[in-house]
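Asker: Before I ask anything, let me first share the structure, which is written out below as structure tokens.
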Amino acid sequence: MKFSVNYLKLFLIFILISIFSACSINQTVEIPPPPETKVNTVIDTLHGHAIADDYRWLEEQYSDETRQWIEMQNNYTRSIYDQLPVNTKISDRVTELMEVDYVSTPRYKNGKYFYYKQVANDDLYTIYYKKNFDAPEEILIDPHPMSEDHSVSVEIIDISDDGGILVYGVRKGGDDQLEIRLLDVATKKDLPDILPTDFYYSNVTITNNNKGLFYFKNSTEIGPRIYYHQIGTEYSSDKMIFGKNSKPGEFISVSLSIDGRYLFLSVNPNNGKPMNLVYYKDLTKKTKIKLLTNNIEAHFYPSAVSNIVYLQTDWQAPNWKIMKVDLNSPDVKNWEEVIPVSDLVIRDFTLSDKKLCVTYLDSVKSKISIFSGQGEFVQDITFPTLGNVSSISGNWNNDEAFYSFSSYNLPRTIYRFDHKTSKSEIWFESKQKVNSDDFVVKQVWFDSKDGTKIPMFIAYKKNIQLNGKNPTLMNGYGGFNVNILPRFSITHLTWMENGGIYVDVNLRGGGEFGEAWHKAGKFENKQNTFDDFISAAEWLIKNKYTSSEHLAIRGGSNGGLLVGACLTQRPNLFKAVICTYPLLDMLRYQMFLVGKFWVNEYGSAEKPEQFEYIYEYSPYHHVKPNTNYPAVLFITGDGDTRVDPCHARKMTALLQANNSSNNPIMLRYEIKAGHSGGKPKSEIIKEVVEDLNFLFWQLN
């Protein structure tokens, strides 16, 4: 059969329109008025300023009024979501990408390998182990029978030195609280010992002789404490060994040297200074706990073999360095610099095969270098493209190490590095089908408001035309020294496959360029973080990647504060916002849950010298009446015991009351999920698809 040229052209146009329609949601959606929220104004006077709060009553999470309000908000959100057509192309692709086997980087102990595995059709991660490298894998703990709705998960906390006892946590929903249990690996049965559900933050370590546990427990009323539990005894008889004078908002990390001889305690005093204190104790002697770091105003993170301690520190080294300390002569004047400060930023390090495996960032690009215990260079481990390298999992007494690598267009692969041969081989490779060559991944730099050069990563399909009309999703964090690196995400890949551009911005407040970069986005400098993000959006628009009508932003936790500040400062710059588990009322955040931990990052409105700059940007206090706000989806839930869900509840009500646009302000409120997850895979798939539908609906 012969076709005319014109017929073929029409046929091709039809195909292109069909493809575009498959990922476009342009049908008319009726947006009803939001539920009416009662106003009950409370006025606080802070440092001479009268501060009105119309929705203080929504801070009462479990009052009957608040529960009714949550139900109405969920119904409102659902009434809009249910009008969006089911996009089978996106749904099928997300399901295909999610329903593959997933394996975590293994942890090695005495010839055994411990790791998580999620089989393609499983909802949750199961804990597996292998008795040796060539042995078949065995299930140690399957969490699926622990709850009918698969909202209970398990977590590896620690493993005894002989590999005989697994310390694991049981988490209900997305709660940060865990119940700590001990498993006899040989019999696969729990020991009688249980540490009841509390805030341990995975900060539990088992002694090398398997006789006891040192653990952290936090109280918002009295502060953190370190306890010792003797295995085989009642929890009620546990002894407090450190932290008697600690205060709320402080944090203590506990660890042991590799040989188990020395106990290390790292204290964040939350005193407004960039520092922590490292203490140590010789467990073989009846000696007192001693201070190692002499109140030096800097950060120190210890890893010890025995009496030899390696300290990663920013002391006189904003890009970090590693020092070596002999506890037989611990005076600072005897400390030895083994990995000096350089133009590269030390992200972290691992002890493996009596060597130091150091992960660097070079202009936000990952690099691993291996050094001898004396700091002599051995070799680099190189990577095929821009991407994210996990921390190395290794053991001082084992000649292998494991790490993972991924990028926006490259699913996660786990490698086993053999120190004997100096070569890496694939240990686990994801079966997700992705044609990596179809995408562009690049790093660009732009000028922020004050002229500072800021980098960001941009990823998209090669056939994208830069015409200012591309749906674009920006993500950022900018706080707590956290690095935002190229990484594989099913959400972001599906977004790009359907014509979206994805962007990660390396904002000040993160750790991408060392402690100076972090300080430039904290305390009184926090506005720099928001200016960086806004400037990134303006650069993308100027360079025709997108326009305000096609631009969405997303952030969670501290990133939720970021997008909350940006949507109140520049509401016309964005078309849609997804704001998850956010901090938004910055005048009161320190009063809720574990908010006091973050005073060292933001400051506190209780202090007059810090109130002014916090009030200047606090998103909840900058919502203006009769303003055209973008479409906003807040996501939070009862299970968030880290960032109080009242932030999102109050902000939802306030934006709904003041929004003059027809863009919806919605809240998706989970009853069990929270900051630490708490959702089975089936629920995750559903919500990823809904979020993508929301974004394409708004931006196309």
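Here's how to read the names in the structure tokens: chain A, B, ... by the order shown, residue numbers from 1 in each chain, ligand numbers from 1 in the order shown.
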Show me, as number ranges by chain, the residues that have an atom within 8 Å of Phe242 (chain A) when counting only C-alpha atoms, minus same-chain residues fewer than 4 positions from it.
Answerer: A: 225-227
Asker: For Val42 (chain A), please output as a short mmCIF file (atom, residue, chain, number, x, y, z; two decimals) with N, CA and C atoms, in the first residue's frame all residues within 9 Å (counting only C-alpha atoms; exclusion window: fewer than 3 positions along the same chain).
Answerer:
```cif
data_model
loop_
_atom_site.label_atom_id
_atom_site.label_comp_id
_atom_site.auth_asym_id
_atom_site.auth_seq_id
_atom_site.Cartn_x
_atom_site.Cartn_y
_atom_site.Cartn_z
N ILE A 51 2.30 39.53 67.83
CA ILE A 51 2.25 38.47 66.81
C ILE A 51 0.90 37.77 66.92
N ALA A 52 0.08 37.89 65.87
CA ALA A 52 -1.23 37.25 65.85
C ALA A 52 -1.14 35.86 65.23
N ASP A 53 -1.85 34.93 65.81
CA ASP A 53 -1.92 33.55 65.29
C ASP A 53 -3.38 33.14 65.27
N ASP A 54 -3.98 33.10 64.08
CA ASP A 54 -5.40 32.79 63.95
C ASP A 54 -5.72 31.31 64.14
N TYR A 55 -4.68 30.46 64.02
CA TYR A 55 -4.96 29.02 64.00
C TYR A 55 -4.14 28.26 65.05
N ARG A 56 -3.90 28.90 66.18
CA ARG A 56 -3.17 28.25 67.27
C ARG A 56 -3.87 26.96 67.71
N TRP A 57 -5.18 26.96 67.60
CA TRP A 57 -5.93 25.79 68.06
C TRP A 57 -5.60 24.53 67.26
#
```
Asker: Ala317 (chain A): which residues within 12 Å, counting only C-alpha atoms, same-chain residues fewer than 6 positions away excluded, as a CSV table (one decimal) with C-alpha atoms, in the first residue's frame?
Answerer:
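Writing done, so here's result.csv:
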```csv
chain,number,residue,atom,x,y,z
A,297,GLU,CA,35.3,25.3,68.9
A,298,ALA,CA,35.1,22.9,66.0
A,299,HIS,CA,33.4,19.6,65.0
A,300,PHE,CA,35.0,16.2,65.5
A,323,MET,CA,43.7,13.8,62.3
A,337,GLU,CA,47.4,15.4,60.6
A,339,ILE,CA,44.7,13.7,55.6
A,340,PRO,CA,45.3,17.4,55.2
A,341,VAL,CA,42.7,20.1,54.2
A,342,SER,CA,42.6,20.7,50.4
A,343,ASP,CA,40.4,22.3,47.8
A,344,LEU,CA,38.2,19.2,47.9
A,345,VAL,CA,35.6,18.8,50.7
A,346,ILE,CA,35.8,15.6,52.8
A,513,PHE,CA,31.6,23.4,49.8
A,514,GLY,CA,32.5,22.8,53.4
A,515,GLU,CA,31.6,24.4,56.7
A,516,ALA,CA,31.9,28.0,55.3
```
Asker: So that I can see what lies close to Lys461 (chain A), please list as a list in words the residues with an atom at most 12 Å from it, counting only C-alpha atoms and leaving out residues fewer than 3 positions away in the same chain.
Answerer: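 After dropping sequence-adjacent residues, the list is Tyr408, Asn409, Asn435, Ser436, Asp437, Asp438, Phe439, Val440, Val441, Lys442, Ile458, Ile464, Gln465, Leu466, Asn470, His492, Leu493, Thr494, Trp495, Met496, Glu497, Asn498, Gly499, Gly500, Ile501 and Tyr502 of chain A.
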Asker: Take the residues from that selection and write them out as a PDB file, in the first residue's frame, keeping N, CA and C atoms.
Answerer:
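The resulting selection-v4.pdb:
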```
ATOM      1  N   TYR A 408      20.845  10.488  38.045  1.00  0.00           N
ATOM      2  CA  TYR A 408      19.458  10.727  37.646  1.00  0.00           C
ATOM      3  C   TYR A 408      18.987   9.719  36.602  1.00  0.00           C
ATOM      4  N   ASN A 409      19.885   9.324  35.729  1.00  0.00           N
ATOM      5  CA  ASN A 409      19.530   8.420  34.631  1.00  0.00           C
ATOM      6  C   ASN A 409      20.193   7.058  34.772  1.00  0.00           C
ATOM      7  N   ASN A 435      17.100   3.528  29.691  1.00  0.00           N
ATOM      8  CA  ASN A 435      18.059   3.834  28.630  1.00  0.00           C
ATOM      9  C   ASN A 435      18.770   5.134  29.013  1.00  0.00           C
ATOM     10  N   SER A 436      19.903   4.986  29.676  1.00  0.00           N
ATOM     11  CA  SER A 436      20.604   6.149  30.228  1.00  0.00           C
ATOM     12  C   SER A 436      21.033   7.131  29.156  1.00  0.00           C
ATOM     13  N   ASP A 437      21.275   6.648  27.945  1.00  0.00           N
ATOM     14  CA  ASP A 437      21.750   7.519  26.872  1.00  0.00           C
ATOM     15  C   ASP A 437      20.677   8.474  26.359  1.00  0.00           C
ATOM     16  N   ASP A 438      19.442   8.286  26.793  1.00  0.00           N
ATOM     17  CA  ASP A 438      18.358   9.153  26.331  1.00  0.00           C
ATOM     18  C   ASP A 438      18.334  10.501  27.049  1.00  0.00           C
ATOM     19  N   PHE A 439      19.198  10.677  28.068  1.00  0.00           N
ATOM     20  CA  PHE A 439      19.076  11.846  28.933  1.00  0.00           C
ATOM     21  C   PHE A 439      20.328  12.708  28.930  1.00  0.00           C
ATOM     22  N   VAL A 440      20.109  13.974  29.204  1.00  0.00           N
ATOM     23  CA  VAL A 440      21.193  14.930  29.431  1.00  0.00           C
ATOM     24  C   VAL A 440      21.284  15.168  30.936  1.00  0.00           C
ATOM     25  N   VAL A 441      22.480  15.058  31.485  1.00  0.00           N
ATOM     26  CA  VAL A 441      22.729  15.393  32.895  1.00  0.00           C
ATOM     27  C   VAL A 441      23.899  16.358  32.922  1.00  0.00           C
ATOM     28  N   LYS A 442      23.684  17.548  33.457  1.00  0.00           N
ATOM     29  CA  LYS A 442      24.765  18.523  33.463  1.00  0.00           C
ATOM     30  C   LYS A 442      24.708  19.397  34.711  1.00  0.00           C
ATOM     31  N   ILE A 458      21.003  19.769  36.319  1.00  0.00           N
ATOM     32  CA  ILE A 458      19.804  19.763  35.481  1.00  0.00           C
ATOM     33  C   ILE A 458      19.786  18.458  34.689  1.00  0.00           C
ATOM     34  N   ILE A 464      14.373  17.415  24.345  1.00  0.00           N
ATOM     35  CA  ILE A 464      13.709  18.604  24.886  1.00  0.00           C
ATOM     36  C   ILE A 464      14.194  19.860  24.159  1.00  0.00           C
ATOM     37  N   GLN A 465      13.260  20.719  23.797  1.00  0.00           N
ATOM     38  CA  GLN A 465      13.607  22.013  23.217  1.00  0.00           C
ATOM     39  C   GLN A 465      13.502  23.081  24.292  1.00  0.00           C
ATOM     40  N   LEU A 466      14.515  23.927  24.387  1.00  0.00           N
ATOM     41  CA  LEU A 466      14.516  24.985  25.401  1.00  0.00           C
ATOM     42  C   LEU A 466      13.735  26.176  24.857  1.00  0.00           C
ATOM     43  N   ASN A 470       8.728  24.099  29.098  1.00  0.00           N
ATOM     44  CA  ASN A 470       8.898  22.750  29.640  1.00  0.00           C
ATOM     45  C   ASN A 470       8.476  22.678  31.112  1.00  0.00           C
ATOM     46  N   HIS A 492      11.615  11.076  39.761  1.00  0.00           N
ATOM     47  CA  HIS A 492      12.282  12.031  38.874  1.00  0.00           C
ATOM     48  C   HIS A 492      12.507  11.430  37.484  1.00  0.00           C
ATOM     49  N   LEU A 493      12.831  10.153  37.421  1.00  0.00           N
ATOM     50  CA  LEU A 493      13.004   9.525  36.113  1.00  0.00           C
ATOM     51  C   LEU A 493      11.700   9.551  35.324  1.00  0.00           C
ATOM     52  N   THR A 494      10.601   9.179  35.968  1.00  0.00           N
ATOM     53  CA  THR A 494       9.304   9.175  35.285  1.00  0.00           C
ATOM     54  C   THR A 494       8.927  10.588  34.848  1.00  0.00           C
ATOM     55  N   TRP A 495       9.225  11.538  35.679  1.00  0.00           N
ATOM     56  CA  TRP A 495       9.003  12.947  35.336  1.00  0.00           C
ATOM     57  C   TRP A 495       9.744  13.308  34.048  1.00  0.00           C
ATOM     58  N   MET A 496      11.027  12.924  33.976  1.00  0.00           N
ATOM     59  CA  MET A 496      11.847  13.262  32.804  1.00  0.00           C
ATOM     60  C   MET A 496      11.392  12.488  31.568  1.00  0.00           C
ATOM     61  N   GLU A 497      11.041  11.221  31.746  1.00  0.00           N
ATOM     62  CA  GLU A 497      10.599  10.419  30.596  1.00  0.00           C
ATOM     63  C   GLU A 497       9.349  10.999  29.948  1.00  0.00           C
ATOM     64  N   ASN A 498       8.560  11.729  30.725  1.00  0.00           N
ATOM     65  CA  ASN A 498       7.318  12.302  30.212  1.00  0.00           C
ATOM     66  C   ASN A 498       7.447  13.786  29.881  1.00  0.00           C
ATOM     67  N   GLY A 499       8.681  14.218  29.631  1.00  0.00           N
ATOM     68  CA  GLY A 499       8.889  15.571  29.130  1.00  0.00           C
ATOM     69  C   GLY A 499       9.251  16.608  30.166  1.00  0.00           C
ATOM     70  N   GLY A 500       9.427  16.201  31.435  1.00  0.00           N
ATOM     71  CA  GLY A 500       9.763  17.153  32.481  1.00  0.00           C
ATOM     72  C   GLY A 500      11.266  17.368  32.607  1.00  0.00           C
ATOM     73  N   ILE A 501      11.634  18.543  33.099  1.00  0.00           N
ATOM     74  CA  ILE A 501      13.021  18.854  33.445  1.00  0.00           C
ATOM     75  C   ILE A 501      13.136  18.789  34.960  1.00  0.00           C
ATOM     76  N   TYR A 502      14.193  18.129  35.436  1.00  0.00           N
ATOM     77  CA  TYR A 502      14.397  18.022  36.883  1.00  0.00           C
ATOM     78  C   TYR A 502      15.659  18.780  37.276  1.00  0.00           C
TER      79      TYR A 502
END
```
Asker: What is the distance, in Å and to one decimal place, between CA of Gln590 (chain A) and CA of Ala605 (chain A)?
Answerer: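 Value for the CA of Gln590 (chain A)-CA of Ala605 (chain A) distance: 8.6 Å.
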Asker: Could you list, as a PDB file with C-alpha atoms, in the first residue's frame, every residue within 8 Å of Cys646 (chain A), counting only C-alpha atoms and ignoring same-chain residues fewer than 5 positions away?
Answerer:
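Result saved to part_22.pdb:
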```pdb
ATOM      1  CA  LEU A  58      -4.710  23.538  65.221  1.00  0.00           C
ATOM      2  CA  GLU A  59      -1.577  22.821  67.279  1.00  0.00           C
ATOM      3  CA  GLU A  60      -3.732  20.493  69.397  1.00  0.00           C
ATOM      4  CA  GLN A  61      -3.209  17.412  67.255  1.00  0.00           C
TER       5      GLN A  61
END
```
Asker: Pick out the residues sitting within 9 Å of Arg588 (chain A), and hand them over as a PDB file with C-alpha atoms, in the first residue's frame; count only C-alpha atoms, and ignore anything fewer than 2 positions along from it in its own chain.
Answerer:
```pdb
ATOM      1  CA  ASP A 585       6.083  28.646  62.014  1.00  0.00           C
ATOM      2  CA  MET A 586       9.663  29.571  62.819  1.00  0.00           C
ATOM      3  CA  GLN A 590      11.567  25.049  69.038  1.00  0.00           C
ATOM      4  CA  MET A 591       8.546  24.423  71.294  1.00  0.00           C
ATOM      5  CA  PHE A 592       7.405  21.327  69.407  1.00  0.00           C
ATOM      6  CA  GLY A 595      12.672  21.253  67.681  1.00  0.00           C
ATOM      7  CA  SER A 604      15.465  30.810  68.485  1.00  0.00           C
ATOM      8  CA  ALA A 605      12.856  33.576  68.496  1.00  0.00           C
ATOM      9  CA  GLU A 606      13.084  33.447  72.280  1.00  0.00           C
TER      10      GLU A 606
END
```
Asker: What is the distance between CA of Pro645 (chain A) and CA of Pro582 (chain A), in Å to one decimal?
Answerer: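 Between these atoms lies a distance of 7.8 Å.
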Asker: Taking into account only C-alpha atoms, which residue in the set A:Trp396, A:Glu138, A:Tyr215, A:Tyr102 is nearest to Asn121 (chain A)?
Answerer: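 The closest residue to Asn121 (chain A) is A:Tyr102.
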Asker: Distance CA of Glu155 (chain A)-CA of Ile141 (chain A), one decimal place?
Answerer: 9.6 Å
Asker: Using only C-alpha atoms, which residues sit within 10 Å of Tyr128 (chain A) once same-chain residues fewer than 2 positions away are excluded, as a VMD selection string?
Answerer: chain A and resid 103 106 113 to 118 125 to 126 130 137 to 142
Asker: If you run DSSP on this backbone, which residues of region 386-578 of chain A come out as strand (DSSP E), and could you give them as a ChimeraX atom specification?
Answerer: /A:388-389,393-394,400-407,410-418,423-429,439-447,453-461,472-475,501-505,551-556,576-578
Asker: Which one is closest to Glu538 (chain A): A:Ser448, A:Asn74, A:Ser306, A:Thr350? Count only C-alpha atoms.
Answerer: A:Ser448
Asker: Could you list, with a cut-off of 12 Å and counting only C-alpha atoms, the residues of region 511-561 of chain A near region 634-643 of chain A, each shown with its nearest atom pair and the distance in Å rounded to one decimal, rows sorted by chain and ascending number, as JSON lines?
Answerer:
```
{"residue": "A:Arg554", "atom": "CA", "partner": "A:Phe634", "partner_atom": "CA", "distance": 10.1}
{"residue": "A:Gly555", "atom": "CA", "partner": "A:Phe634", "partner_atom": "CA", "distance": 10.2}
{"residue": "A:Gly556", "atom": "CA", "partner": "A:Ile635", "partner_atom": "CA", "distance": 8.9}
{"residue": "A:Ser557", "atom": "CA", "partner": "A:Val643", "partner_atom": "CA", "distance": 7.0}
{"residue": "A:Asn558", "atom": "CA", "partner": "A:Val643", "partner_atom": "CA", "distance": 9.3}
{"residue": "A:Gly559", "atom": "CA", "partner": "A:Val643", "partner_atom": "CA", "distance": 11.9}
{"residue": "A:Gly560", "atom": "CA", "partner": "A:Phe634", "partner_atom": "CA", "distance": 9.1}
{"residue": "A:Leu561", "atom": "CA", "partner": "A:Val643", "partner_atom": "CA", "distance": 10.9}
```
Asker: Dump C-alpha atoms for the selected residues as a compact mmCIF listing (two decimals), in the first residue's frame?
Answerer:
```txt
# COMPACT_ATOMS: atom_id res chain seq x y z
CA ARG A 554 9.40 20.71 46.01
CA GLY A 555 11.07 20.37 49.40
CA GLY A 556 10.72 18.38 52.61
CA SER A 557 11.61 19.06 56.26
CA ASN A 558 14.16 21.89 56.13
CA GLY A 559 13.44 21.83 52.38
CA GLY A 560 9.78 22.40 53.32
CA LEU A 561 10.88 25.59 55.05
```
Asker: Have a look at A:Leu584, A:Leu507, A:Ala576, A:Leu485 and name the one nearest to Tyr629 (chain A); count only C-alpha atoms.
Answerer: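 So, comparing all the options, the nearest one is A:Ala576.
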Asker: Considering only C-alpha atoms, state which residue in the set A:Trp539, A:Tyr403, A:Phe533, A:Trp320 is at the smallest distance from Gly511 (chain A).
Answerer: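 Checking each candidate against Gly511 (chain A), we get A:Trp320 as the closest.
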Asker: Rank A:Asp447, A:Thr627, A:Ser404, A:Asp193 by their smallest atom-to-atom distance to Ser430 (chain A), using only C-alpha atoms, and report the top residue only.
Answerer: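 Of the candidates, the smallest distance to Ser430 (chain A) is held by A:Ser404.
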Asker: Counting only C-alpha atoms, which of A:Phe383, A:Phe216, A:Tyr280, A:Tyr617 gets nearest to Phe251 (chain A)?
Answerer: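 Among A:Phe383, A:Phe216, A:Tyr280, A:Tyr617, it is A:Phe216 that comes nearest to Phe251 (chain A).
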